[in-house]
file final.cif (mmCIF, C-alpha atoms)
data_query
#
loop_
_atom_site.label_atom_id
_atom_site.label_comp_id
_atom_site.auth_asym_id
_atom_site.auth_seq_id
_atom_site.Cartn_x
_atom_site.Cartn_y
_atom_site.Cartn_z
CA MET G 15 116.86 72.00 94.20
CA ALA G 16 113.68 74.04 94.50
CA ASP G 17 112.14 75.45 91.33
CA ILE G 18 111.76 79.22 91.80
CA SER G 19 110.40 79.84 88.31
CA SER G 20 107.13 81.73 88.10
CA ASN G 21 104.02 81.30 85.97
CA PHE G 22 101.87 84.35 86.64
CA LEU G 23 98.78 84.67 84.44
CA GLY G 24 100.55 82.42 81.94
CA ILE G 25 103.52 84.83 81.93
CA LYS G 26 106.60 82.72 82.61
CA SER G 27 109.82 83.99 84.16
CA PRO G 28 112.85 82.18 85.64
CA ASN G 29 112.17 83.68 89.07
CA PRO G 30 109.38 85.72 90.71
CA PHE G 31 111.49 88.87 91.09
CA TRP G 32 110.34 91.66 88.80
CA LEU G 33 111.54 95.24 88.76
CA ALA G 34 108.65 97.60 89.42
CA SER G 35 107.64 100.39 87.11
CA ALA G 36 110.03 103.13 88.24
CA PRO G 37 113.31 104.89 87.33
CA PRO G 38 115.25 101.58 87.06
CA THR G 39 112.99 100.49 84.17
CA ASP G 40 112.94 103.79 82.30
CA LYS G 41 114.84 102.75 79.18
CA GLU G 42 116.42 99.97 77.18
CA ILE G 43 119.91 100.15 78.67
CA ASN G 44 118.61 99.83 82.23
CA VAL G 45 116.31 96.92 81.43
CA MET G 46 119.00 95.09 79.45
CA ARG G 47 121.37 95.42 82.41
CA ALA G 48 118.66 94.12 84.73
CA PHE G 49 117.99 91.05 82.60
CA GLU G 50 121.70 90.38 82.19
CA ALA G 51 121.99 90.47 85.99
CA GLY G 52 119.24 87.83 86.29
CA TRP G 53 115.94 89.59 87.04
CA GLY G 54 112.93 87.50 86.09
CA GLY G 55 110.79 90.32 84.81
CA VAL G 56 110.40 94.06 84.41
CA VAL G 57 107.44 96.40 84.49
CA TRP G 58 108.48 99.19 82.11
CA LYS G 59 108.31 102.71 83.54
CA THR G 60 104.80 104.04 83.03
CA LEU G 61 104.01 105.16 79.51
CA GLY G 62 101.63 107.99 78.65
CA GLU G 63 100.43 109.88 75.64
CA ASP G 64 102.51 112.28 73.56
CA PRO G 65 103.63 114.92 74.11
CA PRO G 66 105.44 113.45 77.11
CA VAL G 67 105.33 114.97 80.59
CA VAL G 68 108.08 117.29 81.84
CA ASN G 69 109.85 116.29 85.05
CA VAL G 70 111.46 118.66 87.53
CA HIS G 71 115.16 119.26 86.94
CA GLY G 72 116.05 119.58 90.58
CA PRO G 73 116.02 117.02 93.41
CA ARG G 74 113.46 114.28 92.76
CA TYR G 75 114.41 111.91 95.56
CA SER G 76 114.77 112.08 99.31
CA THR G 77 115.52 109.48 101.96
CA ILE G 78 115.02 108.65 105.61
CA LEU G 79 118.24 107.20 106.99
CA SER G 80 118.93 105.10 110.07
CA SER G 81 121.70 106.12 112.47
CA ASP G 82 124.18 104.13 110.36
CA ARG G 83 122.93 105.87 107.17
CA LYS G 84 121.03 102.90 105.85
CA VAL G 85 118.10 103.89 103.63
CA ILE G 86 114.89 102.82 105.33
CA GLY G 87 112.48 105.19 103.57
CA PHE G 88 112.56 106.68 100.09
CA ASN G 89 110.48 109.43 98.51
CA ASN G 90 110.20 110.57 94.91
CA ILE G 91 108.36 113.29 93.01
CA GLU G 92 109.25 111.91 89.58
CA LEU G 93 106.45 111.59 87.04
CA ILE G 94 105.82 108.90 84.42
CA SER G 95 108.18 108.50 81.44
CA ASP G 96 109.26 111.84 80.00
CA ARG G 97 110.43 110.25 76.75
CA PRO G 98 108.36 109.97 73.53
CA LEU G 99 105.94 107.05 73.46
CA GLN G 100 107.28 105.65 70.19
CA GLN G 101 110.84 105.60 71.51
CA ASN G 102 109.74 103.58 74.53
CA LEU G 103 107.77 101.15 72.38
CA GLU G 104 110.70 100.52 70.02
CA GLU G 105 113.02 99.86 72.96
CA MET G 106 110.51 97.47 74.54
CA LYS G 107 110.31 95.54 71.29
CA ARG G 108 114.10 95.14 71.14
CA VAL G 109 114.34 94.08 74.78
CA LYS G 110 111.64 91.43 74.41
CA ARG G 111 113.35 90.08 71.31
CA ALA G 112 116.67 89.85 73.19
CA PHE G 113 115.16 88.22 76.30
CA PRO G 114 112.09 86.18 75.25
CA ASP G 115 112.21 84.12 78.46
CA ARG G 116 111.71 87.15 80.74
CA ALA G 117 108.47 88.84 81.71
CA LEU G 118 108.01 92.27 80.16
CA ILE G 119 104.99 94.23 81.36
CA ALA G 120 103.94 97.65 80.05
CA SER G 121 102.75 100.10 82.70
CA LEU G 122 100.21 102.55 81.30
CA MET G 123 98.60 105.81 82.39
CA VAL G 124 96.50 107.93 80.02
CA PRO G 125 93.51 110.24 80.54
CA CYS G 126 90.33 108.62 81.81
CA ASN G 127 88.52 108.46 78.48
CA GLU G 128 87.86 105.47 76.27
CA ASP G 129 89.54 106.84 73.15
CA SER G 130 92.89 107.32 74.90
CA TRP G 131 92.95 103.71 76.04
CA ARG G 132 91.68 102.38 72.72
CA ASN G 133 94.52 104.24 70.96
CA ILE G 134 97.46 103.19 73.13
CA LEU G 135 96.64 99.54 73.78
CA PRO G 136 97.25 98.19 70.23
CA GLN G 137 100.55 100.09 70.05
CA VAL G 138 101.71 98.50 73.27
CA GLU G 139 100.55 95.06 72.21
CA ASP G 140 102.68 95.32 69.03
CA THR G 141 105.86 95.38 71.13
CA GLY G 142 105.41 91.71 72.03
CA CYS G 143 105.16 92.49 75.75
CA ASP G 144 103.51 89.93 78.01
CA GLY G 145 100.94 92.04 79.79
CA ILE G 146 99.84 95.52 80.83
CA GLU G 147 99.74 97.11 84.26
CA LEU G 148 97.28 99.96 84.78
CA ASN G 149 98.93 102.58 86.98
CA PHE G 150 96.08 103.66 89.23
CA GLY G 151 98.38 104.48 92.11
CA CYS G 152 100.79 107.36 91.48
CA PRO G 153 99.97 109.89 94.24
CA HIS G 154 101.71 112.98 92.85
CA GLY G 155 101.82 115.05 89.69
CA MET G 156 99.62 112.80 87.59
CA SER G 157 96.83 112.63 90.15
CA GLU G 158 96.46 116.39 89.85
CA ARG G 159 95.72 115.74 86.17
CA GLY G 160 92.94 113.26 86.92
CA MET G 161 95.10 110.15 86.50
CA GLY G 162 97.04 107.80 88.79
CA ALA G 163 95.66 107.77 92.33
CA ALA G 164 92.79 110.03 91.24
CA VAL G 165 91.45 107.00 89.37
CA GLY G 166 92.58 104.43 91.92
CA GLN G 167 90.61 106.13 94.69
CA VAL G 168 87.30 105.74 92.84
CA PRO G 169 86.20 102.10 92.43
CA GLU G 170 83.76 102.99 89.65
CA TYR G 171 86.60 104.47 87.57
CA ILE G 172 88.78 101.41 88.21
CA GLN G 173 86.08 99.09 86.95
CA MET G 174 85.31 101.28 83.94
CA VAL G 175 88.92 101.61 82.71
CA THR G 176 89.64 97.94 83.36
CA GLU G 177 86.64 97.01 81.20
CA TRP G 178 87.99 99.22 78.40
CA CYS G 179 91.38 97.53 78.57
CA LYS G 180 89.87 94.05 78.50
CA LYS G 181 87.77 95.14 75.54
CA TYR G 182 90.64 96.53 73.46
CA SER G 183 93.54 94.25 74.39
CA ARG G 184 94.17 90.51 74.42
CA LEU G 185 96.96 90.87 76.98
CA PRO G 186 96.57 90.03 80.68
CA VAL G 187 95.54 93.15 82.62
CA ILE G 188 97.10 93.86 86.01
CA VAL G 189 95.59 96.73 88.01
CA LYS G 190 98.08 98.56 90.23
CA LEU G 191 96.35 99.81 93.37
CA THR G 192 96.97 102.90 95.45
CA PRO G 193 97.44 102.55 99.24
CA ASN G 194 96.09 106.08 99.69
CA ILE G 195 92.61 104.81 100.46
CA THR G 196 90.69 103.72 103.54
CA ASP G 197 89.94 100.10 102.60
CA ILE G 198 91.99 98.35 99.90
CA ARG G 199 89.31 95.71 99.38
CA PHE G 200 86.96 98.06 97.51
CA PRO G 201 89.35 98.99 94.66
CA ALA G 202 90.41 95.34 94.43
CA ARG G 203 86.80 94.25 94.12
CA ALA G 204 86.25 96.89 91.44
CA ALA G 205 89.26 95.66 89.48
CA LYS G 206 87.94 92.11 89.62
CA ALA G 207 84.47 93.25 88.58
CA GLY G 208 86.04 94.99 85.59
CA GLY G 209 87.65 91.76 84.49
CA ALA G 210 91.19 92.35 85.77
CA ASP G 211 93.40 89.28 85.55
CA ALA G 212 95.40 90.38 88.62
CA VAL G 213 96.19 93.27 90.92
CA SER G 214 99.55 94.65 91.99
CA LEU G 215 100.13 96.57 95.22
CA ILE G 216 101.08 98.76 96.79
CA ASN G 217 101.99 101.86 94.87
CA THR G 218 103.72 104.63 96.82
CA ILE G 219 102.24 106.36 99.86
CA ASN G 220 101.53 110.09 99.76
CA SER G 221 104.17 111.83 101.86
CA ILE G 222 106.30 114.81 102.76
CA MET G 223 109.76 113.68 103.89
CA GLY G 224 110.65 116.57 106.13
CA VAL G 225 111.58 120.21 106.56
CA ASN G 226 114.96 121.94 106.35
CA LEU G 227 114.76 123.86 109.62
CA ASP G 228 117.62 126.22 108.72
CA ARG G 229 115.88 127.38 105.54
CA MET G 230 112.31 126.58 106.65
CA VAL G 231 111.73 124.81 103.36
CA MET G 232 110.29 121.33 102.86
CA HIS G 233 112.57 118.82 101.17
CA PRO G 234 113.19 117.78 98.54
CA SER G 235 112.57 121.21 97.08
CA THR G 236 112.95 122.77 93.66
CA ASP G 237 113.82 126.47 93.63
CA GLY G 238 112.69 126.82 97.23
CA GLN G 239 109.40 124.96 96.88
CA GLY G 240 108.40 121.32 97.12
CA SER G 241 105.47 118.99 96.64
CA HIS G 242 104.09 115.84 98.21
CA GLY G 243 105.62 112.69 96.74
CA GLY G 244 105.47 108.90 96.81
CA TYR G 245 106.95 107.09 99.82
CA CYS G 246 108.44 103.60 99.50
CA GLY G 247 111.30 101.46 100.81
CA GLU G 248 111.66 99.07 103.74
CA ALA G 249 109.46 101.19 106.01
CA VAL G 250 106.31 100.59 103.94
CA LYS G 251 106.51 96.78 103.93
CA PRO G 252 104.16 96.23 106.92
CA ILE G 253 101.53 98.45 105.31
CA ALA G 254 101.84 96.61 102.00
CA LEU G 255 101.73 93.15 103.61
CA ASN G 256 98.52 94.06 105.41
CA MET G 257 96.86 95.18 102.19
CA VAL G 258 98.00 92.07 100.31
CA ALA G 259 96.60 89.90 103.11
CA GLU G 260 93.29 91.79 103.10
CA ILE G 261 92.79 91.03 99.41
CA SER G 262 93.90 87.41 99.82
CA ARG G 263 91.39 86.72 102.59
CA ASP G 264 88.47 88.77 101.31
CA PRO G 265 85.82 86.30 100.06
CA GLN G 266 85.05 88.62 97.14
CA THR G 267 88.66 88.76 95.89
CA ALA G 268 90.10 85.48 97.21
CA GLY G 269 91.95 83.75 94.39
CA LEU G 270 92.62 86.98 92.49
CA PRO G 271 96.31 86.80 91.49
CA ILE G 272 98.53 89.36 93.24
CA SER G 273 101.90 90.88 92.41
CA GLY G 274 103.29 92.14 95.72
CA ILE G 275 105.12 95.46 95.97
CA GLY G 276 106.55 97.46 98.87
CA GLY G 277 109.82 97.37 100.78
CA ILE G 278 111.16 94.14 99.29
CA SER G 279 114.94 94.04 99.62
CA THR G 280 115.70 90.41 100.58
CA TRP G 281 114.52 86.91 99.73
CA ARG G 282 112.81 86.80 103.12
CA ASP G 283 110.67 89.82 102.25
CA ALA G 284 109.65 88.10 99.03
CA ALA G 285 108.83 84.85 100.80
CA GLU G 286 106.54 86.72 103.22
CA TYR G 287 104.61 88.26 100.33
CA ILE G 288 104.27 84.87 98.66
CA ALA G 289 103.12 83.30 101.94
CA LEU G 290 100.36 85.93 102.04
CA GLY G 291 99.20 85.17 98.51
CA ALA G 292 101.47 86.97 96.04
CA GLY G 293 102.49 85.14 92.87
CA THR G 294 105.31 87.52 91.96
CA VAL G 295 107.02 90.39 93.75
CA GLN G 296 108.18 93.74 92.39
CA VAL G 297 111.28 95.58 93.60
CA CYS G 298 112.35 99.19 93.16
CA THR G 299 114.00 100.95 96.10
CA ALA G 300 116.41 98.13 96.93
CA ALA G 301 117.67 98.13 93.34
CA MET G 302 118.11 101.91 93.45
CA VAL G 303 120.09 101.65 96.67
CA TYR G 304 122.20 98.55 95.98
CA GLY G 305 122.11 97.99 92.21
CA PHE G 306 120.79 95.15 90.07
CA LYS G 307 123.12 92.42 91.32
CA ILE G 308 121.13 92.01 94.54
CA ILE G 309 119.04 89.61 92.46
CA ASN G 310 121.67 86.89 92.94
CA GLU G 311 121.28 86.89 96.71
CA MET G 312 117.50 87.08 96.42
CA CYS G 313 117.29 84.05 94.14
CA ASP G 314 119.82 81.99 96.12
CA GLY G 315 118.17 82.83 99.43
CA LEU G 316 114.69 81.97 98.23
CA SER G 317 115.90 78.70 96.73
CA HIS G 318 117.73 77.68 99.92
CA PHE G 319 114.72 78.59 102.06
CA MET G 320 112.44 76.44 99.91
CA ASP G 321 114.90 73.55 100.04
CA SER G 322 115.09 73.79 103.84
CA GLN G 323 111.29 73.69 104.14
CA GLY G 324 110.73 70.99 101.53
CA TYR G 325 108.92 73.29 99.10
CA LYS G 326 109.43 72.22 95.49
CA THR G 327 107.69 75.17 93.80
CA LEU G 328 106.42 78.62 94.76
CA ASP G 329 102.85 77.28 94.75
CA ASP G 330 103.75 74.95 97.63
CA PHE G 331 103.75 77.85 100.08
CA LYS G 332 101.87 80.60 98.21
CA GLY G 333 99.11 81.83 100.50
CA LYS G 334 100.01 79.37 103.24
CA ALA G 335 100.01 82.05 105.95
CA VAL G 336 96.71 83.66 104.90
CA PRO G 337 94.51 81.50 107.21
CA THR G 338 96.49 82.80 110.21
CA VAL G 339 95.44 86.41 109.53
CA LYS G 340 92.31 87.12 111.57
CA ASN G 341 90.20 90.02 112.73
CA TRP G 342 91.03 91.05 116.29
CA ASN G 343 87.74 89.70 117.64
CA GLN G 344 88.69 86.22 116.42
CA LEU G 345 91.88 85.99 118.51
CA ASN G 346 92.17 83.41 121.29
CA LEU G 347 92.01 85.36 124.55
CA ASN G 348 92.75 82.25 126.62
CA HIS G 349 96.30 82.03 125.23
CA ILE G 350 98.90 83.46 127.63
CA GLU G 351 102.61 84.09 127.13
CA LYS G 352 105.37 85.37 129.42
CA ALA G 353 108.79 86.80 128.59
CA VAL G 354 111.91 84.84 129.53
CA ILE G 355 115.46 86.25 129.73
CA ASN G 356 118.36 83.96 128.83
CA GLN G 357 120.95 84.93 131.43
CA ASP G 358 123.77 83.36 129.41
CA LEU G 359 123.10 85.80 126.56
CA CYS G 360 122.17 88.88 128.60
CA ILE G 361 124.77 91.68 128.40
CA GLN G 362 123.19 93.57 131.31
CA CYS G 363 122.49 96.68 129.21
CA GLY G 364 119.22 97.28 131.05
CA ARG G 365 117.21 98.50 128.07
CA CYS G 366 114.42 96.00 128.74
CA HIS G 367 114.09 97.17 132.33
CA VAL G 368 114.02 100.86 131.43
CA VAL G 369 111.32 100.59 128.77
CA CYS G 370 109.19 98.18 130.80
CA GLU G 371 109.50 100.38 133.89
CA ASP G 372 108.76 103.64 132.06
CA THR G 373 106.26 102.63 129.40
CA SER G 374 104.87 99.19 130.13
CA HIS G 375 104.04 97.04 133.18
CA GLN G 376 107.03 97.21 135.56
CA ALA G 377 107.57 93.50 134.98
CA ILE G 378 111.41 93.33 134.96
CA SER G 379 113.52 93.52 138.10
CA ALA G 380 116.96 95.15 137.89
CA SER G 381 118.93 93.53 140.70
CA LYS G 382 119.43 90.30 142.62
CA ASP G 383 121.49 89.77 145.77
CA GLY G 384 122.67 93.36 145.48
CA LYS G 385 124.01 92.91 141.95
CA ARG G 386 122.82 94.13 138.55
CA TYR G 387 120.58 91.35 137.27
CA PHE G 388 117.53 91.51 135.01
CA GLU G 389 114.71 89.05 135.47
CA ILE G 390 111.05 88.80 134.43
CA LYS G 391 108.47 89.20 137.20
CA GLU G 392 105.83 86.80 135.91
CA GLU G 393 103.22 88.15 138.29
CA GLU G 394 103.38 91.49 136.40
CA CYS G 395 104.16 90.37 132.84
CA VAL G 396 101.26 90.69 130.37
CA GLY G 397 103.15 89.16 127.44
CA CYS G 398 103.28 92.40 125.42
CA ASN G 399 106.58 91.51 123.67
CA LEU G 400 108.10 95.00 124.12
CA CYS G 401 111.25 93.69 125.80
CA VAL G 402 111.76 91.14 123.02
CA SER G 403 111.36 93.88 120.43
CA ILE G 404 113.99 96.25 121.83
CA CYS G 405 116.61 93.78 123.16
CA PRO G 406 119.87 94.27 121.18
CA ILE G 407 120.82 90.58 121.47
CA GLN G 408 118.91 88.15 119.25
CA ASP G 409 117.06 85.42 121.17
CA CYS G 410 118.20 86.76 124.54
CA ILE G 411 114.58 87.45 125.45
CA THR G 412 111.90 85.10 124.15
CA MET G 413 108.25 84.39 124.87
CA ARG G 414 106.98 81.23 126.56
CA ALA G 415 103.38 80.08 126.19
CA LEU G 416 101.71 78.83 129.38
CA ALA G 417 100.50 75.26 129.10
CA PRO G 418 96.78 74.56 129.60
CA GLY G 419 96.10 74.48 133.32
CA GLU G 420 99.28 76.39 134.26
CA ILE G 421 98.53 79.22 136.69
CA ASP G 422 99.04 82.78 135.48
CA LEU G 423 100.74 84.47 138.44
CA ARG G 424 99.38 87.84 137.33
CA THR G 425 95.70 86.87 137.43
CA GLY G 426 95.77 83.72 139.54
CA GLN G 427 93.76 81.92 136.86
CA ALA G 428 94.71 78.83 134.93
CA ALA G 429 95.52 79.09 131.25
CA LYS G 430 92.99 77.33 129.06
CA GLY G 431 93.65 75.30 125.95
CA VAL G 432 90.22 75.81 124.43
CA TYR G 433 89.65 78.38 121.70
CA ALA G 434 87.87 81.55 122.77
CA ASN G 435 87.46 84.90 121.06
CA TRP G 436 86.41 88.36 122.09
CA THR G 437 82.87 87.88 120.83
CA THR G 438 82.17 85.26 123.52
CA HIS G 439 84.68 86.40 126.15
CA PRO G 440 83.15 87.22 129.56
CA ASN G 441 85.01 90.56 129.70
CA ASN G 442 83.24 91.75 126.57
CA PRO G 443 80.27 93.90 127.72
CA MET G 444 78.39 92.84 124.59
CA SER G 445 78.98 89.15 125.26
CA GLN G 446 76.00 86.87 125.94
CA THR G 447 77.98 85.29 128.78
CA SER G 448 78.91 88.47 130.66
#

call {"tool": "encode", "arguments": {"input": "final.cif", "output": "structure tokens"}}
result
Amino acid sequence: MADISSNFLGIKSPNPFWLASAPPTDKEINVMRAFEAGWGGVVWKTLGEDPPVVNVHGPRYSTILSSDRKVIGFNNIELISDRPLQQNLEEMKRVKRAFPDRALIASLMVPCNEDSWRNILPQVEDTGCDGIELNFGCPHGMSERGMGAAVGQVPEYIQMVTEWCKKYSRLPVIVKLTPNITDIRFPARAAKAGGADAVSLINTINSIMGVNLDRMVMHPSTDGQGSHGGYCGEAVKPIALNMVAEISRDPQTAGLPISGIGGISTWRDAAEYIALGAGTVQVCTAAMVYGFKIINEMCDGLSHFMDSQGYKTLDDFKGKAVPTVKNWNQLNLNHIEKAVINQDLCIQCGRCHVVCEDTSHQAISASKDGKRYFEIKEEECVGCNLCVSICPIQDCITMRALAPGEIDLRTGQAAKGVYANWTTHPNNPMSQTS
């Protein structure tokens, strides 16, 4: 059996699945239930200074639902912990004593001055927690107070606060990054320059979920008014994966440990993050939608996947996909693929034909011998993958790579097996060979 235990910055946990700093980790009873269910670690809901913040007492959450009412996007306008600091610290101490084999991380957010950090760090360290996570990502409420994303959007502030934390604490320091920035590499570099032991990402994306058109009020709203909030859930996973990959392959941050966050609801999601360089993953929305017991399926699925691939530990495939992530100008422009329809699986719905005819390259015929029949016209197909993406039957439409020397019926040229990229391609007007 594969070993799915995690050793992240020397912090050991029985599996890499941690609950992110969020409502599910707000207090002792929640965290105890999570650990009893089998979660490997928890990042306690973000702590701040006393007096605690005051949250809205109306709707804090909103969702985007699929046609079958599955939650695919989630938004919140909740702030950091609204309970006294000492109460949180006492509960953390009891939880760590009850579950010494689980990772317990304290998420922190205090004003951007040295005294505030110097004051809170020893108090947190006394709980026996395993590390601290600096919340530089919250996009709402706290950012208006000069904290959260207001710090995470300024690399100089990230480096400065990280240096303070390394100065006043012996615990590993994880810097949680905001996605509300142009290039994630710069805050990651700043965290590393400040001495951060790791980064975690992504925090939530700034968002407005929608408008109630009957009332002409944005939602969620409190007493007829609303505010931008943090967007998360399955829909943000592609954004988060890209940012994780950017840090993993940046020469200036390569090797910096990463805790991956964003849209993780299955073992497969977690495995993708690990393949792109994450050492642990953090989950929030899925737990809020399905409850803590989803951890069983996550652990079993990850273990079975690793067994099937011959991976003994998480390190065996951590970062293994990173070398395949390239800039566009490094892609092989001599590689050619064509769509293929499996007629035995085709249900003749015609969706592929409609979308290709209307929005793509008119590369799918709709009839043969006077009957309804869908077939790829290779002389028109550019290999865009649209038909594969929208087909309702799995593996009914697939892509076939042309072998070197095989003639592309669309261009009349032979496919080449040699590597070529846009920089040297003859169609590039800046190319030396054009």

call {"tool": "closest_atom_pairs", "arguments": {"input": "final.cif", "of": "segment 31-69 of chain G", "to": "segment 291-310 of chain G", "cutoff": "12 Å", "atoms": "all atoms listed in the file", "output": "JSON lines"}}
result
{"residue": "G:Phe31", "atom": "CA", "partner": "G:Val295", "partner_atom": "CA", "distance": 5.4}
{"residue": "G:Trp32", "atom": "CA", "partner": "G:Gln296", "partner_atom": "CA", "distance": 4.7}
{"residue": "G:Leu33", "atom": "CA", "partner": "G:Val297", "partner_atom": "CA", "distance": 4.9}
{"residue": "G:Ala34", "atom": "CA", "partner": "G:Gln296", "partner_atom": "CA", "distance": 4.9}
{"residue": "G:Ser35", "atom": "CA", "partner": "G:Cys298", "partner_atom": "CA", "distance": 7.8}
{"residue": "G:Ala36", "atom": "CA", "partner": "G:Cys298", "partner_atom": "CA", "distance": 6.7}
{"residue": "G:Pro37", "atom": "CA", "partner": "G:Cys298", "partner_atom": "CA", "distance": 8.2}
{"residue": "G:Pro38", "atom": "CA", "partner": "G:Met302", "partner_atom": "CA", "distance": 7.0}
{"residue": "G:Thr39", "atom": "CA", "partner": "G:Cys298", "partner_atom": "CA", "distance": 9.1}
{"residue": "G:Asp40", "atom": "CA", "partner": "G:Cys298", "partner_atom": "CA", "distance": 11.8}
{"residue": "G:Asn44", "atom": "CA", "partner": "G:Phe306", "partner_atom": "CA", "distance": 9.4}
{"residue": "G:Val45", "atom": "CA", "partner": "G:Phe306", "partner_atom": "CA", "distance": 9.9}
{"residue": "G:Met46", "atom": "CA", "partner": "G:Phe306", "partner_atom": "CA", "distance": 10.8}
{"residue": "G:Arg47", "atom": "CA", "partner": "G:Phe306", "partner_atom": "CA", "distance": 7.7}
{"residue": "G:Ala48", "atom": "CA", "partner": "G:Phe306", "partner_atom": "CA", "distance": 5.8}
{"residue": "G:Phe49", "atom": "CA", "partner": "G:Phe306", "partner_atom": "CA", "distance": 9.0}
{"residue": "G:Glu50", "atom": "CA", "partner": "G:Phe306", "partner_atom": "CA", "distance": 9.3}
{"residue": "G:Ala51", "atom": "CA", "partner": "G:Lys307", "partner_atom": "CA", "distance": 5.8}
{"residue": "G:Gly52", "atom": "CA", "partner": "G:Ile309", "partner_atom": "CA", "distance": 6.4}
{"residue": "G:Trp53", "atom": "CA", "partner": "G:Ile309", "partner_atom": "CA", "distance": 6.2}
{"residue": "G:Gly54", "atom": "CA", "partner": "G:Ile309", "partner_atom": "CA", "distance": 9.1}
{"residue": "G:Gly55", "atom": "CA", "partner": "G:Gln296", "partner_atom": "CA", "distance": 8.7}
{"residue": "G:Val56", "atom": "CA", "partner": "G:Gln296", "partner_atom": "CA", "distance": 8.3}
{"residue": "G:Val57", "atom": "CA", "partner": "G:Gln296", "partner_atom": "CA", "distance": 8.4}
{"residue": "G:Trp58", "atom": "CA", "partner": "G:Gln296", "partner_atom": "CA", "distance": 11.6}
{"residue": "G:Lys59", "atom": "CA", "partner": "G:Cys298", "partner_atom": "CA", "distance": 11.0}

call {"tool": "residues_around", "arguments": {"input": "final.cif", "residues": "Pro98 of chain G", "least_positions_apart": "2", "cutoff": "8 Å", "atoms": "only C-alpha atoms", "output": "short mmCIF file (atom, residue, chain, number, x, y, z; two decimals) with C-alpha atoms, in the frame of the given file"}}
result
data_model
loop_
_atom_site.label_atom_id
_atom_site.label_comp_id
_atom_site.auth_asym_id
_atom_site.auth_seq_id
_atom_site.Cartn_x
_atom_site.Cartn_y
_atom_site.Cartn_z
CA ASP G 64 102.51 112.28 73.56
CA PRO G 65 103.63 114.92 74.11
CA PRO G 66 105.44 113.45 77.11
CA ASP G 96 109.26 111.84 80.00
CA GLN G 100 107.28 105.65 70.19
CA GLN G 101 110.84 105.60 71.51
CA ASN G 102 109.74 103.58 74.53
#

call {"tool": "atom_distance", "arguments": {"input": "final.cif", "atom1": "atom CA of Leu400 of chain G", "atom2": "atom CA of Ile222 of chain G"}}
result
29.2 Å

call {"tool": "closest_residue", "arguments": {"input": "final.cif", "among": "G:Asn29, G:His233, G:Arg83, G:Phe331", "to": "Asp17 of chain G", "atoms": "all atoms listed in the file"}}
result
G:Asn29

call {"tool": "atom_distance", "arguments": {"input": "final.cif", "atom1": "atom CA of Asp330 of chain G", "atom2": "atom CA of Ile18 of chain G"}}
result
10.8 Å

call {"tool": "resolve_selection", "arguments": {"input": "final.cif", "expression": "the PyMOL selection byres ((chain G and resi 353) around 7)", "output": "PDB file with C-alpha atoms, keeping the file's coordinate frame"}}
result
ATOM      1  CA  GLU G 351     102.610  84.090 127.130  1.00  0.00           C
ATOM      2  CA  LYS G 352     105.370  85.370 129.420  1.00  0.00           C
ATOM      3  CA  VAL G 354     111.910  84.840 129.530  1.00  0.00           C
ATOM      4  CA  ILE G 355     115.460  86.250 129.730  1.00  0.00           C
ATOM      5  CA  ILE G 390     111.050  88.800 134.430  1.00  0.00           C
ATOM      6  CA  GLY G 397     103.150  89.160 127.440  1.00  0.00           C
ATOM      7  CA  ILE G 411     114.580  87.450 125.450  1.00  0.00           C
ATOM      8  CA  THR G 412     111.900  85.100 124.150  1.00  0.00           C
ATOM      9  CA  MET G 413     108.250  84.390 124.870  1.00  0.00           C
ATOM     10  CA  ARG G 414     106.980  81.230 126.560  1.00  0.00           C
TER      11      ARG G 414
END

call {"tool": "residues_around", "arguments": {"input": "final.cif", "residues": "segment 422-427 of chain G", "least_positions_apart": "3", "cutoff": "9 Å", "atoms": "only C-alpha atoms", "output": "list in words"}}
result
Ile350, Glu392, Glu393, Glu394, Cys395, Val396, Leu416 and Gly419 of chain G

call {"tool": "residues_around", "arguments": {"input": "final.cif", "residues": "segment 136-152 of chain G", "least_positions_apart": "5", "cutoff": "8 Å", "atoms": "all atoms listed in the file", "output": "PyMOL selection string"}}
result
chain G and resi 25+57+60+103-104+106-107+110+117-123+157+161-166+172+182-183+185-193+216-218+244

call {"tool": "resolve_selection", "arguments": {"input": "final.cif", "expression": "the PyMOL selection byres ((chain G and resi 132) around 12)", "output": "ChimeraX atom specification"}}
result
/G:63,124-131,133-139,175-183

call {"tool": "closest_residue", "arguments": {"input": "final.cif", "among": "G:Gln266, G:Ser76, G:Asn21, G:Asn69", "to": "Val225 of chain G", "atoms": "all atoms listed in the file"}}
result
G:Ser76

call {"tool": "closest_residue", "arguments": {"input": "final.cif", "among": "G:Val168, G:Leu328, G:Ala212, G:Ala284", "to": "Ser20 of chain G", "atoms": "only C-alpha atoms"}}
result
G:Leu328

call {"tool": "resolve_selection", "arguments": {"input": "final.cif", "expression": "the PyMOL selection byres ((chain G and resi 334) around 10)", "output": "VMD selection string"}}
result
chain G and resid 286 288 to 291 329 to 333 335 to 338

call {"tool": "closest_residue", "arguments": {"input": "final.cif", "among": "G:Ile361, G:Ala207, G:Val68, G:Ala112", "to": "Met156 of chain G", "atoms": "all atoms listed in the file"}}
result
G:Val68

call {"tool": "residues_around", "arguments": {"input": "final.cif", "residues": "segment 200-206 of chain G", "least_positions_apart": "2", "cutoff": "6 Å", "atoms": "all atoms listed in the file", "output": "ChimeraX atom specification"}}
result
/G:169,172-173,198,208-210

call {"tool": "write_last_selection", "arguments": {"input": "final.cif", "atoms": "C-alpha atoms", "output": "PDB file, in the frame of the given file"}}
result
ATOM      1  CA  PRO G 169      86.200 102.100  92.430  1.00  0.00           C
ATOM      2  CA  ILE G 172      88.780 101.410  88.210  1.00  0.00           C
ATOM      3  CA  GLN G 173      86.080  99.090  86.950  1.00  0.00           C
ATOM      4  CA  ILE G 198      91.990  98.350  99.900  1.00  0.00           C
ATOM      5  CA  GLY G 208      86.040  94.990  85.590  1.00  0.00           C
ATOM      6  CA  GLY G 209      87.650  91.760  84.490  1.00  0.00           C
ATOM      7  CA  ALA G 210      91.190  92.350  85.770  1.00  0.00           C
TER       8      ALA G 210
END
